[in-house]
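Chemist: Here you go, input13.cif (mmCIF, C-alpha atoms):
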```
data_coords
#
loop_
_atom_site.label_atom_id
_atom_site.label_comp_id
_atom_site.auth_asym_id
_atom_site.auth_seq_id
_atom_site.Cartn_x
_atom_site.Cartn_y
_atom_site.Cartn_z
CA MET A 8 39.85 -40.51 -12.66
CA THR A 9 37.98 -42.38 -15.35
CA PRO A 10 34.22 -41.76 -15.72
CA ASN A 11 33.49 -45.16 -14.10
CA LEU A 12 35.61 -44.36 -11.05
CA GLU A 13 34.05 -40.90 -10.76
CA GLN A 14 30.56 -42.38 -10.92
CA TYR A 15 31.50 -44.99 -8.32
CA ALA A 16 32.97 -42.36 -5.99
CA ALA A 17 29.87 -40.20 -6.36
CA ARG A 18 27.59 -43.15 -5.62
CA TYR A 19 29.63 -44.51 -2.70
CA PRO A 20 31.44 -41.52 -1.13
CA ARG A 21 32.27 -43.36 2.10
CA ALA A 22 34.08 -46.14 0.24
CA GLY A 23 36.12 -43.53 -1.64
CA GLU A 24 37.11 -41.80 1.60
CA VAL A 25 38.25 -45.09 3.13
CA ALA A 26 40.27 -45.93 0.02
CA VAL A 27 42.00 -42.52 0.03
CA SER A 28 42.80 -42.85 3.75
CA LEU A 29 44.33 -46.30 3.19
CA VAL A 30 46.46 -44.94 0.37
CA MET A 31 47.67 -42.08 2.55
CA PHE A 32 48.42 -44.54 5.35
CA GLY A 33 50.51 -46.71 3.03
CA LEU A 34 52.44 -43.70 1.74
CA ALA A 35 53.12 -42.44 5.28
CA VAL A 36 54.32 -45.86 6.47
CA PHE A 37 56.54 -46.26 3.45
CA GLY A 38 57.89 -42.74 3.90
CA SER A 39 58.77 -43.43 7.53
CA SER A 40 60.91 -46.38 6.42
CA LEU A 41 63.05 -44.24 4.12
CA THR A 42 66.48 -43.31 5.45
CA THR A 43 69.97 -42.28 4.38
CA PRO A 44 73.30 -43.89 5.24
CA ASP A 45 74.41 -40.99 7.43
CA SER A 46 71.10 -40.47 9.25
CA ASP A 47 70.38 -41.39 12.85
CA GLN A 48 66.80 -42.62 12.35
CA PRO A 49 64.85 -44.78 14.86
CA THR A 50 64.98 -48.49 14.12
CA ARG A 51 61.51 -49.22 15.46
CA MET A 52 58.64 -48.64 13.01
CA TRP A 53 55.63 -49.00 15.27
CA PRO A 54 55.57 -45.33 16.51
CA ALA A 55 55.47 -44.03 12.95
CA VAL A 56 52.85 -46.62 11.96
CA LEU A 57 50.68 -45.73 14.97
CA LEU A 58 50.88 -41.99 14.31
CA ALA A 59 50.16 -42.51 10.60
CA GLY A 60 47.12 -44.61 11.49
CA ILE A 61 45.78 -41.89 13.83
CA ALA A 62 46.32 -39.23 11.18
CA CYS A 63 44.56 -41.29 8.52
CA LEU A 64 41.64 -42.08 10.82
CA ALA A 65 41.19 -38.32 11.23
CA LEU A 66 41.07 -38.01 7.44
CA LEU A 67 37.86 -40.07 7.44
CA ARG A 68 36.11 -37.07 9.06
CA HIS A 69 37.44 -34.49 6.62
CA ARG A 70 34.02 -33.70 5.11
CA THR A 71 32.33 -32.84 8.39
CA HIS A 72 35.40 -31.75 10.42
CA PRO A 73 38.09 -30.52 7.99
CA ARG A 74 39.79 -28.35 10.65
CA THR A 75 40.06 -31.27 13.06
CA ALA A 76 41.51 -33.47 10.32
CA VAL A 77 44.21 -30.89 9.61
CA ALA A 78 45.03 -30.37 13.28
CA VAL A 79 45.27 -34.11 14.10
CA SER A 80 47.29 -35.04 11.01
CA ALA A 81 49.63 -32.07 11.53
CA VAL A 82 50.27 -32.97 15.16
CA CYS A 83 50.90 -36.64 14.27
CA THR A 84 53.31 -35.67 11.48
CA MET A 85 55.09 -33.19 13.75
CA ILE A 86 55.56 -35.88 16.45
CA THR A 87 56.82 -38.34 13.83
CA SER A 88 59.37 -35.81 12.63
CA ALA A 89 60.37 -34.95 16.22
CA LEU A 90 61.04 -38.65 16.90
CA GLY A 91 63.79 -38.54 14.25
CA TYR A 92 62.04 -39.90 11.18
CA LEU A 93 63.08 -38.31 7.90
CA LEU A 94 60.46 -35.69 6.87
CA THR A 95 59.75 -36.60 3.24
CA PRO A 96 56.76 -35.80 0.99
CA LEU A 97 55.55 -39.39 1.59
CA LEU A 98 55.52 -38.85 5.34
CA LEU A 99 53.64 -35.59 4.76
CA ALA A 100 50.92 -37.35 2.68
CA PRO A 101 48.18 -37.38 5.40
CA VAL A 102 48.57 -33.72 6.29
CA MET A 103 48.82 -32.78 2.63
CA ALA A 104 45.50 -34.53 1.94
CA ALA A 105 43.91 -32.83 4.96
CA LEU A 106 45.08 -29.41 3.75
CA TYR A 107 43.71 -30.09 0.27
CA TRP A 108 40.25 -30.91 1.61
CA LEU A 109 40.38 -27.96 4.02
CA ALA A 110 41.06 -25.57 1.11
CA ALA A 111 38.38 -27.23 -1.03
CA LEU A 112 35.64 -27.28 1.61
CA THR A 113 36.15 -24.11 3.69
CA ASP A 114 36.57 -20.41 3.09
CA ARG A 115 39.77 -18.58 2.19
CA LYS A 116 40.35 -17.11 5.66
CA THR A 117 40.14 -20.50 7.40
CA THR A 118 42.46 -22.05 4.82
CA ARG A 119 45.01 -19.26 5.24
CA VAL A 120 45.06 -19.53 9.05
CA TYR A 121 45.33 -23.33 9.27
CA ALA A 122 47.79 -23.66 6.38
CA SER A 123 50.08 -21.00 7.84
CA ALA A 124 50.02 -22.53 11.31
CA THR A 125 50.61 -26.06 10.00
CA THR A 126 53.46 -24.97 7.74
CA ALA A 127 55.12 -23.00 10.51
CA LEU A 128 54.95 -25.89 13.02
CA LEU A 129 56.27 -28.50 10.60
CA VAL A 130 59.05 -26.25 9.27
CA VAL A 131 60.21 -25.47 12.83
CA THR A 132 60.12 -29.19 13.66
CA ALA A 133 62.11 -30.03 10.53
CA VAL A 134 64.72 -27.39 11.36
CA ILE A 135 65.16 -28.64 14.92
CA ALA A 136 64.84 -32.43 14.52
CA ASP A 137 66.30 -33.08 11.08
CA PRO A 138 68.24 -36.40 11.39
CA VAL A 139 70.43 -35.72 8.33
CA ASP A 140 71.39 -32.14 9.11
CA HIS A 141 70.33 -30.77 5.73
CA PRO A 142 71.11 -27.16 4.83
CA LEU A 143 68.71 -24.67 6.40
CA VAL A 144 67.27 -23.71 3.04
CA LEU A 145 66.24 -27.30 2.28
CA ARG A 146 64.82 -27.82 5.76
CA THR A 147 62.54 -24.80 5.36
CA ILE A 148 61.67 -24.51 1.69
CA GLY A 149 61.09 -28.24 1.14
CA PRO A 150 58.30 -28.82 3.71
CA ALA A 151 56.73 -25.42 2.99
CA PHE A 152 56.54 -26.18 -0.73
CA TRP A 153 54.99 -29.63 -0.29
CA LEU A 154 52.40 -28.25 2.14
CA LEU A 155 51.42 -25.28 -0.04
CA VAL A 156 50.91 -27.37 -3.19
CA PRO A 157 47.73 -29.14 -1.90
CA VAL A 158 46.45 -25.81 -0.54
CA ALA A 159 46.71 -24.32 -4.02
CA GLY A 160 45.01 -27.37 -5.54
CA GLY A 161 42.16 -27.31 -3.01
CA THR A 162 41.64 -23.59 -3.51
CA ALA A 163 41.47 -24.08 -7.27
CA SER A 164 38.92 -26.87 -6.79
CA ARG A 165 36.78 -24.66 -4.52
CA LEU A 166 36.89 -21.77 -6.98
CA ARG A 167 35.98 -24.06 -9.85
CA ARG A 168 32.97 -25.41 -7.94
CA ALA A 169 31.89 -21.88 -7.10
CA TYR A 170 32.21 -20.86 -10.74
CA VAL A 171 30.20 -23.85 -11.95
CA GLY A 172 27.60 -23.19 -9.24
CA ALA A 173 27.31 -19.57 -10.31
CA ILE A 174 26.81 -20.62 -13.93
CA GLN A 175 24.16 -23.13 -12.93
CA ALA A 176 22.42 -20.53 -10.75
CA ARG A 177 22.38 -18.05 -13.62
CA ALA A 178 21.02 -20.71 -15.95
CA GLU A 179 18.29 -21.64 -13.47
CA HIS A 180 17.44 -17.97 -12.96
CA ALA A 181 17.24 -17.45 -16.71
CA GLU A 182 15.00 -20.51 -17.04
CA ARG A 183 12.72 -19.26 -14.25
CA THR A 184 12.63 -15.83 -15.87
CA ARG A 185 11.68 -17.34 -19.22
CA GLU A 186 8.94 -19.40 -17.58
CA GLU A 187 7.61 -16.39 -15.69
CA GLU A 188 7.67 -14.30 -18.86
CA ALA A 189 5.82 -17.05 -20.72
CA ARG A 190 3.21 -17.26 -17.95
CA HIS A 191 2.89 -13.48 -17.98
CA ARG A 192 2.36 -13.43 -21.74
CA VAL A 193 -0.22 -16.23 -21.47
CA SER A 194 -2.03 -14.29 -18.74
CA GLU A 195 -2.02 -11.13 -20.85
CA GLU A 196 -3.33 -13.03 -23.87
CA ARG A 197 -6.09 -14.59 -21.79
CA MET A 198 -7.03 -11.16 -20.47
CA ARG A 199 -7.07 -9.73 -23.99
CA ILE A 200 -9.28 -12.53 -25.33
CA ALA A 201 -11.59 -12.25 -22.30
CA ARG A 202 -11.90 -8.51 -22.92
CA GLU A 203 -12.67 -9.13 -26.60
CA LEU A 204 -15.34 -11.69 -25.73
CA HIS A 205 -16.84 -9.35 -23.14
CA ASP A 206 -17.08 -6.50 -25.64
CA VAL A 207 -18.52 -8.67 -28.39
CA VAL A 208 -21.07 -10.48 -26.23
CA ALA A 209 -22.11 -7.51 -24.10
CA HIS A 210 -22.58 -5.16 -27.06
CA HIS A 211 -24.44 -7.50 -29.36
CA LEU A 212 -26.62 -8.97 -26.64
CA ALA A 213 -27.57 -5.49 -25.43
CA LEU A 214 -28.48 -4.46 -28.97
CA ALA A 215 -30.33 -7.71 -29.60
CA ASN A 216 -32.29 -7.27 -26.40
CA ALA A 217 -33.19 -3.68 -27.29
CA GLN A 218 -34.13 -4.63 -30.86
CA ALA A 219 -36.28 -7.53 -29.67
CA GLY A 220 -38.06 -5.30 -27.16
CA THR A 221 -38.71 -2.62 -29.78
CA ALA A 222 -39.99 -5.22 -32.26
CA ALA A 223 -42.35 -6.67 -29.67
CA HIS A 224 -43.65 -3.16 -28.89
CA LEU A 225 -44.27 -2.33 -32.57
CA ALA A 226 -45.46 -5.75 -33.70
CA ARG A 227 -49.14 -4.77 -33.86
CA THR A 228 -48.97 -1.07 -34.66
CA ASN A 229 -46.18 -1.00 -37.26
CA PRO A 230 -45.54 -4.37 -38.92
CA GLU A 231 -43.20 -2.94 -41.55
CA GLN A 232 -40.95 -1.32 -38.96
CA THR A 233 -41.10 -4.52 -36.96
CA GLN A 234 -39.94 -6.52 -39.97
CA LYS A 235 -37.01 -4.15 -40.48
CA ILE A 236 -36.01 -4.38 -36.82
CA LEU A 237 -36.17 -8.17 -36.95
CA SER A 238 -33.91 -8.13 -40.00
CA ASP A 239 -31.47 -5.92 -38.09
CA LEU A 240 -31.72 -8.33 -35.15
CA ALA A 241 -30.69 -11.21 -37.40
CA ALA A 242 -27.76 -9.14 -38.70
CA THR A 243 -26.76 -8.27 -35.12
CA THR A 244 -26.67 -11.90 -33.98
CA ALA A 245 -24.83 -12.95 -37.16
CA SER A 246 -22.21 -10.23 -36.56
CA ALA A 247 -21.83 -11.41 -32.95
CA LEU A 248 -21.25 -14.98 -34.12
CA ARG A 249 -18.67 -13.85 -36.68
CA GLU A 250 -16.72 -11.77 -34.14
CA MET A 251 -16.85 -14.52 -31.53
CA LYS A 252 -15.59 -17.01 -34.12
CA ALA A 253 -12.74 -14.66 -35.02
CA THR A 254 -11.78 -14.15 -31.36
CA VAL A 255 -12.05 -17.76 -30.22
CA GLY A 256 -10.36 -18.86 -33.45
CA LEU A 257 -7.10 -17.47 -32.04
CA LEU A 258 -7.13 -20.40 -29.61
CA ARG A 259 -6.88 -23.00 -32.38
CA GLN A 260 -4.14 -25.59 -32.16
CA ALA A 261 -1.35 -25.56 -34.74
CA ASP A 262 -2.72 -28.72 -36.41
CA ASP A 263 -6.31 -27.45 -36.60
CA PRO A 264 -7.67 -27.02 -40.13
CA ASP A 265 -7.27 -23.52 -41.46
CA THR A 266 -10.46 -21.47 -41.50
CA SER A 267 -11.11 -17.98 -42.73
CA LEU A 268 -11.32 -15.34 -40.02
CA GLU A 269 -12.81 -11.94 -40.64
CA PRO A 270 -10.56 -8.89 -40.22
CA SER A 271 -10.38 -7.19 -36.82
CA PRO A 272 -13.00 -4.45 -36.49
CA GLY A 273 -11.93 -0.81 -36.64
CA LEU A 274 -13.34 2.69 -37.02
CA ALA A 275 -14.28 1.85 -40.61
CA ARG A 276 -17.16 -0.15 -39.14
CA LEU A 277 -18.66 2.79 -37.25
CA PRO A 278 -21.54 3.17 -39.76
CA GLU A 279 -22.51 -0.48 -39.16
CA LEU A 280 -22.30 0.12 -35.39
CA THR A 281 -24.42 3.28 -35.44
CA SER A 282 -27.00 1.62 -37.66
CA ALA A 283 -27.36 -1.26 -35.21
CA CYS A 284 -27.75 1.20 -32.33
CA GLU A 285 -30.43 3.15 -34.17
CA SER A 286 -32.45 -0.01 -34.78
CA ALA A 287 -32.36 -0.52 -31.00
CA GLY A 288 -33.76 2.97 -30.40
CA LEU A 289 -30.55 4.98 -29.82
CA LYS A 290 -29.83 7.59 -32.46
CA VAL A 291 -26.10 8.07 -32.96
CA THR A 292 -24.37 10.85 -34.87
CA VAL A 293 -20.66 10.83 -35.77
CA THR A 294 -18.55 13.90 -36.52
CA THR A 295 -14.89 14.07 -37.50
CA GLU A 296 -12.54 16.96 -36.73
CA GLY A 297 -9.19 17.30 -38.43
CA GLU A 298 -7.82 15.20 -41.24
CA PRO A 299 -8.31 11.46 -40.63
CA ARG A 300 -4.95 9.73 -40.28
CA PRO A 301 -4.09 6.02 -40.54
CA LEU A 302 -4.09 4.11 -37.27
CA SER A 303 -2.07 1.07 -36.32
CA PRO A 304 -4.22 -2.11 -36.12
CA GLY A 305 -4.09 -2.21 -32.31
CA VAL A 306 -5.14 1.42 -31.90
CA ASP A 307 -7.84 1.05 -34.55
CA LEU A 308 -9.31 -1.96 -32.75
CA THR A 309 -9.04 -0.20 -29.37
CA ALA A 310 -10.82 2.92 -30.67
CA PHE A 311 -13.66 0.86 -32.13
CA ARG A 312 -14.08 -1.24 -28.97
CA ILE A 313 -14.17 1.87 -26.74
CA VAL A 314 -16.88 3.47 -28.90
CA GLN A 315 -18.75 0.17 -29.00
CA GLU A 316 -18.59 -0.28 -25.21
CA ALA A 317 -19.56 3.33 -24.55
CA LEU A 318 -22.65 3.04 -26.77
CA THR A 319 -23.50 -0.31 -25.17
CA ASN A 320 -23.36 1.29 -21.71
CA LEU A 321 -25.60 4.08 -22.92
CA SER A 322 -28.12 1.56 -24.21
CA LYS A 323 -28.11 -0.39 -20.95
CA HIS A 324 -27.64 2.20 -18.21
CA ALA A 325 -28.24 5.79 -19.36
CA ALA A 326 -31.54 7.61 -19.77
CA ALA A 327 -30.69 8.78 -23.27
CA ALA A 328 -32.39 8.76 -26.67
CA ALA A 329 -29.45 10.12 -28.69
CA ALA A 330 -25.67 9.90 -28.55
CA HIS A 331 -22.88 11.74 -30.30
CA VAL A 332 -19.45 10.39 -31.26
CA ARG A 333 -16.72 12.94 -31.98
CA LEU A 334 -13.41 11.92 -33.56
CA SER A 335 -10.66 14.57 -33.32
CA TYR A 336 -7.41 13.92 -35.21
CA SER A 337 -4.20 15.79 -34.42
CA TYR A 338 -0.62 15.28 -35.56
CA ASN A 339 0.03 12.21 -33.42
CA GLN A 340 -3.14 11.64 -31.42
CA LEU A 341 -6.78 10.67 -31.80
CA THR A 342 -9.29 11.95 -29.27
CA ILE A 343 -12.67 10.23 -29.08
CA ALA A 344 -15.63 11.65 -27.14
CA VAL A 345 -18.92 9.75 -26.76
CA THR A 346 -21.70 11.79 -25.17
CA ASP A 347 -25.44 11.41 -24.68
CA ASP A 348 -28.22 13.94 -24.22
CA GLY A 349 -29.78 12.29 -21.20
CA THR A 350 -33.29 13.31 -22.30
CA SER A 351 -35.03 9.97 -22.57
CA LYS A 352 -38.18 9.62 -20.46
CA THR A 353 -37.51 5.97 -19.82
CA PRO A 354 -36.72 5.62 -16.09
CA THR A 355 -33.32 3.95 -15.67
CA THR A 356 -30.67 4.01 -12.98
CA PRO A 357 -27.30 5.26 -14.22
CA ALA A 358 -24.38 3.23 -12.90
CA PRO A 359 -21.21 4.92 -14.08
CA GLY A 360 -18.03 3.36 -12.85
CA LYS A 361 -19.69 0.11 -11.79
CA GLY A 362 -19.22 -3.27 -13.38
CA PHE A 363 -16.39 -3.88 -15.82
CA GLY A 364 -17.36 -1.69 -18.77
CA LEU A 365 -15.43 1.43 -17.80
CA ILE A 366 -12.61 -0.64 -16.31
CA GLY A 367 -12.25 -2.56 -19.57
CA MET A 368 -12.27 0.64 -21.65
CA ARG A 369 -9.62 2.22 -19.45
CA GLU A 370 -7.42 -0.89 -19.66
CA ARG A 371 -7.79 -0.93 -23.43
CA ALA A 372 -6.72 2.70 -23.70
CA GLN A 373 -3.73 2.18 -21.41
CA SER A 374 -2.64 -0.95 -23.31
CA VAL A 375 -1.81 1.19 -26.37
CA GLY A 376 -0.39 4.16 -24.44
CA GLY A 377 -3.56 6.24 -24.11
CA ASP A 378 -5.87 7.29 -21.28
CA LEU A 379 -9.61 7.52 -20.66
CA GLN A 380 -11.91 9.69 -18.56
CA ALA A 381 -15.61 9.21 -17.92
CA GLY A 382 -18.18 11.20 -15.95
CA HIS A 383 -21.37 13.24 -15.95
CA ARG A 384 -21.55 16.45 -17.93
CA PRO A 385 -22.63 19.70 -16.21
CA GLU A 386 -25.31 20.25 -18.88
CA GLY A 387 -26.65 16.71 -18.40
CA GLY A 388 -25.85 13.31 -19.77
CA PHE A 389 -22.68 11.27 -19.60
CA GLU A 390 -19.40 11.53 -21.47
CA VAL A 391 -16.56 9.13 -22.19
CA THR A 392 -13.35 10.71 -23.54
CA THR A 393 -10.21 8.88 -24.55
CA SER A 394 -6.94 10.04 -26.09
CA LEU A 395 -5.04 7.46 -28.11
CA PRO A 396 -1.70 7.68 -29.96
CA LEU A 397 -1.93 7.02 -33.66
CA HIS A 398 0.50 4.14 -33.20
CA SER A 399 0.73 1.86 -30.18
CA TYR A 400 3.78 2.32 -27.95
CA ASP A 401 3.97 -1.42 -27.29
CA THR A 402 3.98 -4.40 -29.58
CA GLU A 403 0.64 -4.77 -31.28
CA PRO A 404 -1.39 -7.80 -30.26
CA GLU A 405 -1.85 -10.42 -32.93
CA GLU A 406 -5.36 -10.15 -34.32
CA ALA A 407 -7.36 -12.44 -36.53
CA THR A 408 -6.99 -11.50 -40.15
CA THR A 409 -8.06 -13.01 -43.40
CA PRO A 410 -5.38 -15.44 -44.61
#
```
Starting from the file, give its structure as structure tokens.

Modeler:
Amino acid sequence: MTPNLEQYAARYPRAGEVAVSLVMFGLAVFGSSLTTPDSDQPTRMWPAVLLAGIACLALLRHRTHPRTAVAVSAVCTMITSALGYLLTPLLLAPVMAALYWLAALTDRKTTRVYASATTALLVVTAVIADPVDHPLVLRTIGPAFWLLVPVAGGTASRLRRAYVGAIQARAEHAERTREEEARHRVSEERMRIARELHDVVAHHLALANAQAGTAAHLARTNPEQTQKILSDLAATTASALREMKATVGLLRQADDPDTSLEPSPGLARLPELTSACESAGLKVTVTTEGEPRPLSPGVDLTAFRIVQEALTNLSKHAAAAAAHVRLSYSYNQLTIAVTDDGTSKTPTTPAPGKGFGLIGMRERAQSVGGDLQAGHRPEGGFEVTTSLPLHSYDTEPEEATTP
């Protein structure tokens, strides 16, 4: 079929079915008129025409009732042959078409049962009622061959459709998988940026609030100290703006103008962090055990954020005046412990485990293959301990760096 005919048949399937049935009817009628000089064939044509018409009308229902179409066309062809008409491939045209559609539209078991029964009935009829008295081999092999050819063609068509359907299903599944993976990556990136923003905003706002409160308390009694604290407050807010710009800058569009982004923070910025905490009234000491080893960017950022969040929680929730940060390096692991003395006289209500601070720290540690524990110490105070691999097990997240 040409592309135009195929498109027409797909658009008007009923018209195509009627056209095929008319063609089969014409072939069957023409086949019933064929004879040989030594044959004793009926002279009247109307029985063959009537039976061919019934068989071709049954073909019109082949899509919804393929078994019925085969049964009706087979019976009509068998009666035509029994009446003495010569059983030729043209006379077999309606039943051949019905067998083709049966094999193309149904399963293998149904095709095997109906094809075998139809072939057996028509071969027996041809053997008994052959008007020419052909040799037995021709009376059996001929009809069987012409009936099995459309079965093979229909089966091949069904298998081809199944193969194409399987390919399309795999392609659709792969497309859905890609879309789900893309949505998952977008969700993870949103979560990472939200965590970054939470850490930046929560830490710097807590420090700024503490610094402002301390400055207000010392404004009259110690103006010099107040001036220093206010300078630190300005540095704290400027650092917050820089980090927020670096984090939100990751959301720029591809055609946005290029802007410089500061490097991702790491443990190298601990002195800056402890200085900011001290200006807010929390004295922080840092000790290092073992030989410091290089960290991958993701682990370095995670370590800094965990220390930052732990000190922020101490400033907001714990009754502590001093904190201690211990960095312990081993062959392939970094252990960080942040503890407080819990000796401040300022009445506060500890809230370990509440909110999102500890949850965020634990998620950060797990994202690079580490773990985190937090709880009260027997001797007093609170402790946050995390163990991180020197290099992340997973792909490092893309961080803002200076171009």

Chemist: Please indicate the distance in Å from CA of Ser28 in chain A to CA of Thr71 in chain A, rounded to one decimal place.

Modeler: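 Spanning CA of Ser28 in chain A to CA of Thr71 in chain A is a straight-line distance of 15.2 Å.
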
Chemist: Taking the file as I've supplied it (selection: the PyMOL selection byres ((chain A and resi 114) around 12)), which residues are included? Please answer as JSON, numbers by chain.

Modeler: {"A": [73, 74, 108, 109, 110, 111, 112, 113, 115, 116, 117, 118, 119, 120, 121, 158, 161, 162, 165, 166, 169]}

Chemist: Hey, can you check how far CA of Ser194 in chain A sits from CA of Leu274 in chain A?

Modeler: 27.4 Å

Chemist: Please provide the set of residues having any atom within 12 Å of Leu128 in chain A, restricted to all atoms listed in the file, with same-chain residues fewer than 4 positions apart removed, written as a PyMOL selection string.

Modeler: chain A and resi 78+81-86+88-89+121-124+132-136+147+150-151+154

Chemist: Could you write out the selected residues, including C-alpha atoms, as a short mmCIF file (atom, residue, chain, number, x, y, z; two decimals), keeping the file's coordinate frame?

Modeler:
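So the final result, stored in again_23.cif, reads:
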```cif
data_model
loop_
_atom_site.label_atom_id
_atom_site.label_comp_id
_atom_site.auth_asym_id
_atom_site.auth_seq_id
_atom_site.Cartn_x
_atom_site.Cartn_y
_atom_site.Cartn_z
CA ALA A 78 45.03 -30.37 13.28
CA ALA A 81 49.63 -32.07 11.53
CA VAL A 82 50.27 -32.97 15.16
CA CYS A 83 50.90 -36.64 14.27
CA THR A 84 53.31 -35.67 11.48
CA MET A 85 55.09 -33.19 13.75
CA ILE A 86 55.56 -35.88 16.45
CA SER A 88 59.37 -35.81 12.63
CA ALA A 89 60.37 -34.95 16.22
CA TYR A 121 45.33 -23.33 9.27
CA ALA A 122 47.79 -23.66 6.38
CA SER A 123 50.08 -21.00 7.84
CA ALA A 124 50.02 -22.53 11.31
CA THR A 132 60.12 -29.19 13.66
CA ALA A 133 62.11 -30.03 10.53
CA VAL A 134 64.72 -27.39 11.36
CA ILE A 135 65.16 -28.64 14.92
CA ALA A 136 64.84 -32.43 14.52
CA THR A 147 62.54 -24.80 5.36
CA PRO A 150 58.30 -28.82 3.71
CA ALA A 151 56.73 -25.42 2.99
CA LEU A 154 52.40 -28.25 2.14
#
```

Chemist: Take the PyMOL selection byres ((chain A and resi 103) around 10), apply it to the structure above, and return the hits as a VMD selection string.

Modeler: chain A and resid 31 77 80 to 81 96 to 102 104 to 109 122 153 to 158

Chemist: Once N, CA and C atoms are restored for range 329-348 of chain A, what would the output be as a compact mmCIF listing (two decimals), keeping the file's coordinate frame?

Modeler:
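Once everything was written out, this is selection_30.txt:
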```txt
# COMPACT_ATOMS: atom_id res chain seq x y z
N ALA A 329 -30.39 9.79 -27.62
CA ALA A 329 -29.45 10.12 -28.69
C ALA A 329 -28.04 10.18 -28.11
N ALA A 330 -27.07 9.86 -28.95
CA ALA A 330 -25.67 9.90 -28.55
C ALA A 330 -24.87 10.53 -29.69
N HIS A 331 -23.73 11.08 -29.32
CA HIS A 331 -22.88 11.74 -30.30
C HIS A 331 -21.44 11.22 -30.14
N VAL A 332 -20.83 10.86 -31.25
CA VAL A 332 -19.45 10.39 -31.26
C VAL A 332 -18.61 11.41 -32.02
N ARG A 333 -17.58 11.94 -31.36
CA ARG A 333 -16.72 12.94 -31.98
C ARG A 333 -15.30 12.38 -32.08
N LEU A 334 -14.78 12.38 -33.31
CA LEU A 334 -13.41 11.92 -33.56
C LEU A 334 -12.56 13.13 -33.91
N SER A 335 -11.53 13.40 -33.10
CA SER A 335 -10.66 14.57 -33.32
C SER A 335 -9.25 14.07 -33.59
N TYR A 336 -8.76 14.35 -34.82
CA TYR A 336 -7.41 13.92 -35.21
C TYR A 336 -6.45 15.09 -35.06
N SER A 337 -5.29 14.82 -34.46
CA SER A 337 -4.20 15.79 -34.42
C SER A 337 -2.98 15.16 -35.08
N TYR A 338 -1.83 15.78 -34.88
CA TYR A 338 -0.62 15.28 -35.56
C TYR A 338 -0.29 13.86 -35.16
N ASN A 339 -0.37 13.54 -33.87
CA ASN A 339 0.03 12.21 -33.42
C ASN A 339 -0.96 11.61 -32.43
N GLN A 340 -2.19 12.09 -32.43
CA GLN A 340 -3.14 11.64 -31.42
C GLN A 340 -4.56 11.66 -31.96
N LEU A 341 -5.35 10.73 -31.49
CA LEU A 341 -6.78 10.67 -31.80
C LEU A 341 -7.55 10.79 -30.50
N THR A 342 -8.44 11.75 -30.44
CA THR A 342 -9.29 11.95 -29.27
C THR A 342 -10.72 11.57 -29.64
N ILE A 343 -11.31 10.71 -28.84
CA ILE A 343 -12.67 10.23 -29.08
C ILE A 343 -13.53 10.65 -27.90
N ALA A 344 -14.68 11.27 -28.17
CA ALA A 344 -15.63 11.65 -27.14
C ALA A 344 -16.99 11.07 -27.50
N VAL A 345 -17.58 10.32 -26.58
CA VAL A 345 -18.92 9.75 -26.76
C VAL A 345 -19.81 10.35 -25.69
N THR A 346 -20.81 11.09 -26.10
CA THR A 346 -21.70 11.79 -25.17
C THR A 346 -23.14 11.42 -25.48
N ASP A 347 -24.01 11.61 -24.48
CA ASP A 347 -25.44 11.41 -24.68
C ASP A 347 -26.19 12.63 -24.15
N ASP A 348 -27.45 12.77 -24.62
CA ASP A 348 -28.22 13.94 -24.22
C ASP A 348 -28.93 13.77 -22.90
```
